[in-house]
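Peer 1: Handing you this structure, nothing more for now.
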Protein chains: 2
Amino acid sequence: MSDSVAAVAASKPERGGRGAKTLIEYAYQRLRKDIISGALAPDSKLRIEHLRAQYEIGSSTLREALTLLVADALVVSEGQRGFRVAPISLEDLKDVTRMRKMMETLALRESIERGDDQWEAGIVAAFHRLSRVEERLEAEAEQVAESWEDRNSDFHKALICACSSRWILHFREILYHQSERYRRFSLVSQRGERDVHAEHKAIMDATLARDGDLACRLIEEHMDKTLSNMTGMVS
Amino acid sequence: MSDSVAAVAASKPERGGRGAKTLIEYAYQRLRKDIISGALAPDSKLRIEHLRAQYEIGSSTLREALTLLVADALVVSEGQRGFRVAPISLEDLKDVTRMRKMMETLALRESIERGDDQWEAGIVAAFHRLSRVEERLEAEAEQVAESWEDRNSDFHKALICACSSRWILHFREILYHQSERYRRFSLVSQRGERDVHAEHKAIMDATLARDGDLACRLIEEHMDKTLSNMTGMVS
DNA sequence: CAAGGAAAAAATATCGATATTTTTTAAAAC
DNA sequence: GTTTTAAAAAATATCGATATTTTTTCCTTG
């Protein structure tokens with residue numbers, strides 16, 4: 001028996017990568033990635049049969065993963081008419097940004113009030129890791145892009161993880177994924193005109209200096225710039 | 001064949017009540033009701049096999065309904081260890097209330113700014129329906145309670161439905177269900193010491209008078225009172 | 001030639017069976 | 001008397017087959 005298992009394992013290279021304990025999680029992550037990256041276009045139909053063949057996953061498992069994505073508002077399910085990728089719109093992007101600013105500043109303010117030494121260390125470390133990948137970014141571009149997204153996400157999470165409100169963090173997370181999706185649609189124009197690295201540095205400095213007002217102002221500007229960059233590109 | 005179908009249909013009286021187009025939705029509604037009412041206790045394990053027998057629904061369907069409830073944070077799913085009812089705590093109740101106040105006032109302010117005649121009419125109508133069921137409440141109590149919950153929910157929704165932010169309304173809805181659950185756990189003490197009807201009336205009057213500041217202050221007090229009533233009862 | 005409607009095709013929703021994993025139970029060893 | 005290990009039981013996760021519903025196709029009818 002172990003032979004055939006080994007053979008199968010070889011042909012399907014670790015489906016369950018990135019610590020996906022369950023197949024549903026694997027499907028969820030993969031689908032989410034495809035939606036955020038735009039490989040699955042906004043508003044397009046998600047046909048179970050089709051995805052089933054493509055991802056080599058049973059229909060029930062797929063449906064469950066899709067349902068998980070409905071919770072993230074990346075997928076919508078219409079009655080008896082299956083699933084489709086959530087639509088995007090300029091209006092929605094503005095709404096997302098507005099809410100994000102609210103959640104992010106709330107979380108940052110409280111983190112600055114409550115954060116301890118370990119929290120500070122986490123921020124510095126995440127900033128360092130982000131900086132490292134940014135160095136490589138100029139040369140290799142495409143391949144590093146995904147890794148940059150991850151580390152950017154980690155950095156911002158490190159900033160606010162000392163916030164005690166489960167709900168703020170929960171909503172913030174959902175909104176972050178939403179904005180990530182919009183960001184991908186305007187990836188080209190994002191860099192160049194803007195020194196994201198310097199912005200991050202300023203935010204970190206203000207945060208470590210425990211200057212809540214300044215840190216919040218900077219992070220709001222950070223998000224506003226992202227919005228401006230995208231405005232006009234989406235519908 | 002039609003005979004057996006008819007027989008089955010008779011024994012299962014309309015499972016799909018309250019406009020549940022799909023079985024998943026039916027299971028979802030039923031589970032949610034049982035969780036909010038406390039029939040399914042906080043933190044208790046939700047065994048698929050058990051529920052399957054009890055609700056007469058296939059396992060995949062049940063899992064999907066459960067996943068839907070994870071999105072509402074009424075159920076938590078732990079890796080390869082199934083589902084369980086989300087725990088409750090005083091800390092969480094405070095967090096929920098804080099966020100609710102934020103979402104509710106944001107939504108109310110914008111509704112007051114944007115609401116039209118139809119919005120006003122909807123509020124008056126919902127208030128009327130709520131008042132009617134409150135009259136009956138004093139006598140029959142238990143049976144009317146559920147209907148009161150529905151109409152209370154409708155009234156509060158009517159107040160803020162003119163808000164244009166999809167996300168505020170989305171988060172507000174999730175939080176409302178959370179608080180509904182906490183409220184059920186302290187149902188007895190709720191009425192009596194408090195004139196909820198008068199509070200609703202005052203909120204409605206301020207809203208229709210387009211006095212955003214007053215309406216928001218009143219609705220925050222409304223929610224704070226609910227919190228005070230519950231504090232000390234949960235864990 | 002447009003509108004409507006029946007038949008066919010495609011897709012979704014649902015189910016129960018099987019494979020995996022976790023938990024419990026019991027026995028053995030230290 | 002604990003702790004370990006092994007076996008059994010229970011529960012979850014996954015799958016593909018079937019039943020329902022929706023969509024498309026194509027023929028009829030006005």
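Every chain in the structure tokens takes a letter, A first, then B, and so on in the order presented; its residues are numbered from 1, and the ligands are numbered from 1 following the presented order.
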I'd like to know which residues of region 85-192 of chain B are alpha helix (DSSP H) (by DSSP, run on the backbone); could you write them as number ranges by chain?
Peer 2: B: 90-114, 117-140, 142-160, 166-184, 187-190
Peer 1: Within 10 Å of chain D, which residues of chain A are there when counting only C-alpha atoms (C1' of nucleotides)? Please give them as a count of residues only.
Peer 2: 10
Peer 1: Using the chain letters and numbers from this document, which residues of region 23-186 of chain A does DSSP assign to strand (DSSP E), as a ChimeraX atom specification?
Peer 2: /A:45-46,75-77,83-85
Peer 1: Counting only C-alpha atoms, which residues of chain A fall within 12 Å of chain B, and what is the closest atom pair for each with its distance in Å at one decimal, ordered by chain and rising number, as CSV?
Peer 2:
```
residue,atom,partner,partner_atom,distance
A:Gly19,CA,B:Gly79,CA,10.9
A:Ala20,CA,B:Gly79,CA,9.1
A:Lys21,CA,B:Gly79,CA,6.6
A:Thr22,CA,B:Gln80,CA,6.9
A:Leu23,CA,B:Gln80,CA,10.1
A:Ile24,CA,B:Gly79,CA,10.0
A:Glu25,CA,B:Gly79,CA,9.0
A:Tyr26,CA,B:Gly79,CA,12.0
A:Gly58,CA,B:Ser60,CA,11.3
A:Ser59,CA,B:Ser60,CA,9.9
A:Ser60,CA,B:Ser60,CA,6.3
A:Thr61,CA,B:Ser60,CA,8.5
A:Leu62,CA,B:Glu64,CA,10.4
A:Arg63,CA,B:Glu64,CA,7.5
A:Glu64,CA,B:Glu64,CA,5.6
A:Ala65,CA,B:Thr67,CA,8.9
A:Leu66,CA,B:Glu64,CA,9.6
A:Thr67,CA,B:Leu68,CA,6.6
A:Leu68,CA,B:Thr67,CA,6.6
A:Leu69,CA,B:Ala71,CA,9.2
A:Val70,CA,B:Ala71,CA,8.0
A:Ala71,CA,B:Ala71,CA,4.8
A:Asp72,CA,B:Ala71,CA,7.9
A:Ala73,CA,B:Ala71,CA,9.9
A:Ser77,CA,B:Leu68,CA,11.2
A:Glu78,CA,B:Lys21,CA,10.3
A:Gly79,CA,B:Lys21,CA,6.7
A:Gln80,CA,B:Thr22,CA,6.9
A:Arg81,CA,B:Thr22,CA,10.5
A:Gly82,CA,B:Thr22,CA,11.3
A:Glu91,CA,B:Ser165,CA,9.3
A:Asp92,CA,B:Arg166,CA,7.9
A:Leu93,CA,B:Trp167,CA,10.7
A:Lys94,CA,B:Ser165,CA,9.6
A:Asp95,CA,B:Ser165,CA,6.3
A:Val96,CA,B:Trp167,CA,7.2
A:Thr97,CA,B:Trp167,CA,10.4
A:Arg98,CA,B:Ser165,CA,9.5
A:Met99,CA,B:Trp167,CA,7.4
A:Arg100,CA,B:Trp167,CA,10.1
A:Met102,CA,B:Met102,CA,10.2
A:Met103,CA,B:Met99,CA,10.3
A:Leu106,CA,B:Met99,CA,10.9
A:Cys163,CA,B:Asp95,CA,11.6
A:Ser164,CA,B:Asp95,CA,9.0
A:Ser165,CA,B:Asp95,CA,6.3
A:Arg166,CA,B:Asp95,CA,7.5
A:Trp167,CA,B:Asp95,CA,7.0
A:Ile168,CA,B:Met99,CA,7.7
A:Leu169,CA,B:Asp95,CA,11.3
A:His170,CA,B:Ala73,CA,9.9
A:Phe171,CA,B:Phe171,CA,7.7
A:Arg172,CA,B:Phe171,CA,10.9
A:Ile174,CA,B:Trp167,CA,10.4
A:Leu175,CA,B:Trp167,CA,9.1
A:Gln178,CA,B:Trp167,CA,11.1
```
Peer 1: With a distance threshold of 12 Å and counting only C-alpha atoms (C1' of nucleotides), extract the residues of chain C near chain A and express them as an mmCIF file with all heavy atoms, in the first residue's frame.
Peer 2:
```cif
data_model
loop_
_atom_site.group_PDB
_atom_site.id
_atom_site.type_symbol
_atom_site.label_atom_id
_atom_site.label_comp_id
_atom_site.auth_asym_id
_atom_site.auth_seq_id
_atom_site.Cartn_x
_atom_site.Cartn_y
_atom_site.Cartn_z
ATOM 1 P P DA C 10 -24.741 19.425 -22.762
ATOM 2 O OP1 DA C 10 -23.685 20.040 -23.596
ATOM 3 O OP2 DA C 10 -24.664 18.001 -22.381
ATOM 4 O "O5'" DA C 10 -24.881 20.292 -21.435
ATOM 5 C "C5'" DA C 10 -25.186 21.688 -21.545
ATOM 6 C "C4'" DA C 10 -25.326 22.272 -20.162
ATOM 7 O "O4'" DA C 10 -26.517 21.772 -19.521
ATOM 8 C "C3'" DA C 10 -24.163 21.946 -19.229
ATOM 9 O "O3'" DA C 10 -23.681 23.153 -18.672
ATOM 10 C "C2'" DA C 10 -24.775 21.038 -18.163
ATOM 11 C "C1'" DA C 10 -26.230 21.467 -18.173
ATOM 12 N N9 DA C 10 -27.180 20.444 -17.768
ATOM 13 C C8 DA C 10 -27.229 19.133 -18.147
ATOM 14 N N7 DA C 10 -28.224 18.458 -17.611
ATOM 15 C C5 DA C 10 -28.871 19.396 -16.822
ATOM 16 C C6 DA C 10 -30.007 19.302 -15.997
ATOM 17 N N6 DA C 10 -30.712 18.195 -15.808
ATOM 18 N N1 DA C 10 -30.384 20.431 -15.346
ATOM 19 C C2 DA C 10 -29.688 21.545 -15.526
ATOM 20 N N3 DA C 10 -28.605 21.757 -16.281
ATOM 21 C C4 DA C 10 -28.244 20.625 -16.907
ATOM 22 P P DA C 11 -22.394 23.107 -17.713
ATOM 23 O OP1 DA C 11 -21.510 24.192 -18.168
ATOM 24 O OP2 DA C 11 -21.896 21.718 -17.584
ATOM 25 O "O5'" DA C 11 -23.013 23.516 -16.310
ATOM 26 C "C5'" DA C 11 -24.022 24.527 -16.242
ATOM 27 C "C4'" DA C 11 -24.678 24.460 -14.878
ATOM 28 O "O4'" DA C 11 -25.657 23.410 -14.879
ATOM 29 C "C3'" DA C 11 -23.688 24.139 -13.767
ATOM 30 O "O3'" DA C 11 -23.744 25.152 -12.771
ATOM 31 C "C2'" DA C 11 -24.134 22.803 -13.225
ATOM 32 C "C1'" DA C 11 -25.593 22.742 -13.639
ATOM 33 N N9 DA C 11 -26.037 21.366 -13.840
ATOM 34 C C8 DA C 11 -25.403 20.381 -14.536
ATOM 35 N N7 DA C 11 -26.031 19.222 -14.520
ATOM 36 C C5 DA C 11 -27.156 19.480 -13.756
ATOM 37 C C6 DA C 11 -28.232 18.669 -13.364
ATOM 38 N N6 DA C 11 -28.342 17.382 -13.700
ATOM 39 N N1 DA C 11 -29.199 19.235 -12.600
ATOM 40 C C2 DA C 11 -29.080 20.516 -12.262
ATOM 41 N N3 DA C 11 -28.117 21.382 -12.582
ATOM 42 C C4 DA C 11 -27.177 20.790 -13.333
ATOM 43 P P DT C 12 -22.967 24.969 -11.403
ATOM 44 O OP1 DT C 12 -22.423 26.285 -11.075
ATOM 45 O OP2 DT C 12 -22.119 23.774 -11.448
ATOM 46 O "O5'" DT C 12 -24.159 24.667 -10.399
ATOM 47 C "C5'" DT C 12 -25.271 25.533 -10.383
ATOM 48 C "C4'" DT C 12 -26.337 24.963 -9.468
ATOM 49 O "O4'" DT C 12 -26.721 23.659 -9.934
ATOM 50 C "C3'" DT C 12 -25.877 24.786 -8.025
ATOM 51 O "O3'" DT C 12 -26.876 25.316 -7.168
ATOM 52 C "C2'" DT C 12 -25.709 23.290 -7.860
ATOM 53 C "C1'" DT C 12 -26.727 22.746 -8.860
ATOM 54 N N1 DT C 12 -26.405 21.414 -9.398
ATOM 55 C C2 DT C 12 -27.339 20.405 -9.268
ATOM 56 O O2 DT C 12 -28.410 20.553 -8.714
ATOM 57 N N3 DT C 12 -26.964 19.197 -9.817
ATOM 58 C C4 DT C 12 -25.796 18.904 -10.467
ATOM 59 O O4 DT C 12 -25.580 17.777 -10.912
ATOM 60 C C5 DT C 12 -24.862 20.004 -10.569
ATOM 61 C C7 DT C 12 -23.554 19.792 -11.253
ATOM 62 C C6 DT C 12 -25.208 21.186 -10.037
ATOM 63 P P DA C 13 -26.578 25.473 -5.619
ATOM 64 O OP1 DA C 13 -27.285 26.684 -5.179
ATOM 65 O OP2 DA C 13 -25.145 25.304 -5.383
ATOM 66 O "O5'" DA C 13 -27.341 24.206 -5.001
ATOM 67 C "C5'" DA C 13 -28.699 24.017 -5.324
ATOM 68 C "C4'" DA C 13 -29.197 22.714 -4.728
ATOM 69 O "O4'" DA C 13 -28.661 21.595 -5.463
ATOM 70 C "C3'" DA C 13 -28.838 22.477 -3.259
ATOM 71 O "O3'" DA C 13 -30.009 22.011 -2.626
ATOM 72 C "C2'" DA C 13 -27.730 21.427 -3.327
ATOM 73 C "C1'" DA C 13 -28.123 20.639 -4.563
ATOM 74 N N9 DA C 13 -27.058 19.989 -5.315
ATOM 75 C C8 DA C 13 -25.865 20.534 -5.703
ATOM 76 N N7 DA C 13 -25.108 19.718 -6.411
ATOM 77 C C5 DA C 13 -25.866 18.559 -6.496
ATOM 78 C C6 DA C 13 -25.631 17.318 -7.119
ATOM 79 N N6 DA C 13 -24.525 17.025 -7.803
ATOM 80 N N1 DA C 13 -26.599 16.373 -7.009
ATOM 81 C C2 DA C 13 -27.708 16.667 -6.331
ATOM 82 N N3 DA C 13 -28.050 17.796 -5.707
ATOM 83 C C4 DA C 13 -27.071 18.711 -5.829
ATOM 84 P P DT C 14 -30.108 21.732 -1.059
ATOM 85 O OP1 DT C 14 -31.505 21.999 -0.672
ATOM 86 O OP2 DT C 14 -28.993 22.437 -0.410
ATOM 87 O "O5'" DT C 14 -29.860 20.175 -0.943
ATOM 88 C "C5'" DT C 14 -30.822 19.297 -1.518
ATOM 89 C "C4'" DT C 14 -30.308 17.875 -1.464
ATOM 90 O "O4'" DT C 14 -29.179 17.719 -2.349
ATOM 91 C "C3'" DT C 14 -29.816 17.407 -0.091
ATOM 92 O "O3'" DT C 14 -30.768 16.483 0.426
ATOM 93 C "C2'" DT C 14 -28.453 16.781 -0.347
ATOM 94 C "C1'" DT C 14 -28.418 16.632 -1.867
ATOM 95 N N1 DT C 14 -27.077 16.744 -2.478
ATOM 96 C C2 DT C 14 -26.607 15.678 -3.217
ATOM 97 O O2 DT C 14 -27.231 14.643 -3.370
ATOM 98 N N3 DT C 14 -25.353 15.844 -3.750
ATOM 99 C C4 DT C 14 -24.551 16.961 -3.623
ATOM 100 O O4 DT C 14 -23.441 16.988 -4.148
ATOM 101 C C5 DT C 14 -25.098 18.047 -2.845
ATOM 102 C C7 DT C 14 -24.304 19.294 -2.649
ATOM 103 C C6 DT C 14 -26.321 17.880 -2.325
ATOM 104 P P DC C 15 -30.570 15.905 1.894
ATOM 105 O OP1 DC C 15 -31.894 15.652 2.461
ATOM 106 O OP2 DC C 15 -29.592 16.737 2.616
ATOM 107 O "O5'" DC C 15 -29.892 14.505 1.567
ATOM 108 C "C5'" DC C 15 -30.488 13.686 0.553
ATOM 109 C "C4'" DC C 15 -29.581 12.530 0.219
ATOM 110 O "O4'" DC C 15 -28.442 13.021 -0.522
ATOM 111 C "C3'" DC C 15 -29.020 11.822 1.443
ATOM 112 O "O3'" DC C 15 -29.655 10.554 1.576
ATOM 113 C "C2'" DC C 15 -27.523 11.696 1.184
ATOM 114 C "C1'" DC C 15 -27.328 12.208 -0.225
ATOM 115 N N1 DC C 15 -26.128 13.079 -0.384
ATOM 116 C C2 DC C 15 -25.071 12.654 -1.199
ATOM 117 O O2 DC C 15 -25.147 11.545 -1.737
ATOM 118 N N3 DC C 15 -24.003 13.456 -1.342
ATOM 119 C C4 DC C 15 -23.960 14.641 -0.731
ATOM 120 N N4 DC C 15 -22.903 15.402 -0.920
ATOM 121 C C5 DC C 15 -25.034 15.095 0.092
ATOM 122 C C6 DC C 15 -26.091 14.291 0.243
ATOM 123 P P DT C 20 -7.433 6.848 2.581
ATOM 124 O OP1 DT C 20 -6.649 7.203 1.409
ATOM 125 O OP2 DT C 20 -7.256 5.550 3.282
ATOM 126 O "O5'" DT C 20 -7.218 8.003 3.664
ATOM 127 C "C5'" DT C 20 -8.307 8.330 4.438
ATOM 128 C "C4'" DT C 20 -8.063 9.556 5.276
ATOM 129 O "O4'" DT C 20 -9.228 9.656 6.110
ATOM 130 C "C3'" DT C 20 -6.876 9.471 6.228
ATOM 131 O "O3'" DT C 20 -6.390 10.782 6.450
ATOM 132 C "C2'" DT C 20 -7.477 8.823 7.462
ATOM 133 C "C1'" DT C 20 -8.917 9.326 7.447
ATOM 134 N N1 DT C 20 -9.925 8.320 7.902
ATOM 135 C C2 DT C 20 -10.868 8.735 8.808
ATOM 136 O O2 DT C 20 -10.928 9.873 9.230
ATOM 137 N N3 DT C 20 -11.747 7.754 9.183
ATOM 138 C C4 DT C 20 -11.777 6.442 8.774
ATOM 139 O O4 DT C 20 -12.628 5.667 9.197
ATOM 140 C C5 DT C 20 -10.759 6.081 7.817
ATOM 141 C C7 DT C 20 -10.704 4.686 7.298
ATOM 142 C C6 DT C 20 -9.887 7.027 7.443
ATOM 143 P P DT C 21 -5.108 11.037 7.358
ATOM 144 O OP1 DT C 21 -4.392 12.207 6.821
ATOM 145 O OP2 DT C 21 -4.410 9.745 7.588
ATOM 146 O "O5'" DT C 21 -5.798 11.484 8.731
ATOM 147 C "C5'" DT C 21 -6.751 12.542 8.720
ATOM 148 C "C4'" DT C 21 -7.416 12.630 10.077
ATOM 149 O "O4'" DT C 21 -8.310 11.516 10.257
ATOM 150 C "C3'" DT C 21 -6.438 12.595 11.243
ATOM 151 O "O3'" DT C 21 -6.583 13.806 11.948
ATOM 152 C "C2'" DT C 21 -6.847 11.383 12.063
ATOM 153 C "C1'" DT C 21 -8.274 11.126 11.609
ATOM 154 N N1 DT C 21 -8.710 9.694 11.656
ATOM 155 C C2 DT C 21 -9.816 9.358 12.387
ATOM 156 O O2 DT C 21 -10.474 10.162 13.021
ATOM 157 N N3 DT C 21 -10.148 8.023 12.348
ATOM 158 C C4 DT C 21 -9.490 7.024 11.671
ATOM 159 O O4 DT C 21 -9.888 5.869 11.715
ATOM 160 C C5 DT C 21 -8.326 7.442 10.924
ATOM 161 C C7 DT C 21 -7.545 6.436 10.145
ATOM 162 C C6 DT C 21 -7.999 8.741 10.949
#
```
Peer 1: Can you tell me which residues surround region 193-201 of chain A at a distance of at most 9 Å, considering only C-alpha atoms (C1' of nucleotides), apart from same-chain residues fewer than 6 positions away, and format the answer as a list in words?
Peer 2: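 The contact residues come out as Phe127, Leu130, Ser131, Glu134, Phe155, His156, Leu218, Ile219, His222 and Lys225 of chain A.
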Peer 1: Selection from above, N, CA and C atoms, as a PDB file, in the first residue's frame, can you write it?
Peer 2:
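Generated output (out-v7.pdb):
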```pdb
ATOM      1  N   PHE A 127       9.127  44.404   9.741  1.00  0.00           N
ATOM      2  CA  PHE A 127       9.604  45.475   8.857  1.00  0.00           C
ATOM      3  C   PHE A 127      10.892  45.073   8.158  1.00  0.00           C
ATOM      4  N   LEU A 130      10.178  42.591   5.440  1.00  0.00           N
ATOM      5  CA  LEU A 130       9.560  43.276   4.309  1.00  0.00           C
ATOM      6  C   LEU A 130      10.610  44.042   3.505  1.00  0.00           C
ATOM      7  N   SER A 131      11.499  44.706   4.206  1.00  0.00           N
ATOM      8  CA  SER A 131      12.545  45.483   3.532  1.00  0.00           C
ATOM      9  C   SER A 131      13.417  44.576   2.672  1.00  0.00           C
ATOM     10  N   GLU A 134      11.816  43.716  -0.455  1.00  0.00           N
ATOM     11  CA  GLU A 134      11.693  44.890  -1.318  1.00  0.00           C
ATOM     12  C   GLU A 134      12.972  45.140  -2.114  1.00  0.00           C
ATOM     13  N   PHE A 155       3.558  42.624   8.152  1.00  0.00           N
ATOM     14  CA  PHE A 155       3.988  43.868   8.790  1.00  0.00           C
ATOM     15  C   PHE A 155       2.796  44.629   9.366  1.00  0.00           C
ATOM     16  N   HIS A 156       1.798  44.787   8.553  1.00  0.00           N
ATOM     17  CA  HIS A 156       0.629  45.529   9.024  1.00  0.00           C
ATOM     18  C   HIS A 156      -0.068  44.794  10.167  1.00  0.00           C
ATOM     19  N   LEU A 218      -0.679  58.883   9.617  1.00  0.00           N
ATOM     20  CA  LEU A 218       0.182  58.321   8.566  1.00  0.00           C
ATOM     21  C   LEU A 218      -0.441  57.104   7.904  1.00  0.00           C
ATOM     22  N   ILE A 219      -1.047  56.262   8.706  1.00  0.00           N
ATOM     23  CA  ILE A 219      -1.594  55.037   8.122  1.00  0.00           C
ATOM     24  C   ILE A 219      -2.849  55.358   7.311  1.00  0.00           C
ATOM     25  N   HIS A 222      -1.521  56.539   4.123  1.00  0.00           N
ATOM     26  CA  HIS A 222      -1.030  55.343   3.425  1.00  0.00           C
ATOM     27  C   HIS A 222      -2.164  54.676   2.650  1.00  0.00           C
ATOM     28  N   LYS A 225      -3.549  56.921  -0.240  1.00  0.00           N
ATOM     29  CA  LYS A 225      -2.707  56.922  -1.431  1.00  0.00           C
ATOM     30  C   LYS A 225      -2.982  55.702  -2.293  1.00  0.00           C
TER      31      LYS A 225
END
```
Peer 1: Please, what distance in Å, to one decimal, runs between CA of Ala107 (chain B) and CA of Ile160 (chain B)?
Peer 2: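 Value for the CA of Ala107 (chain B)-CA of Ile160 (chain B) distance: 5.4 Å.
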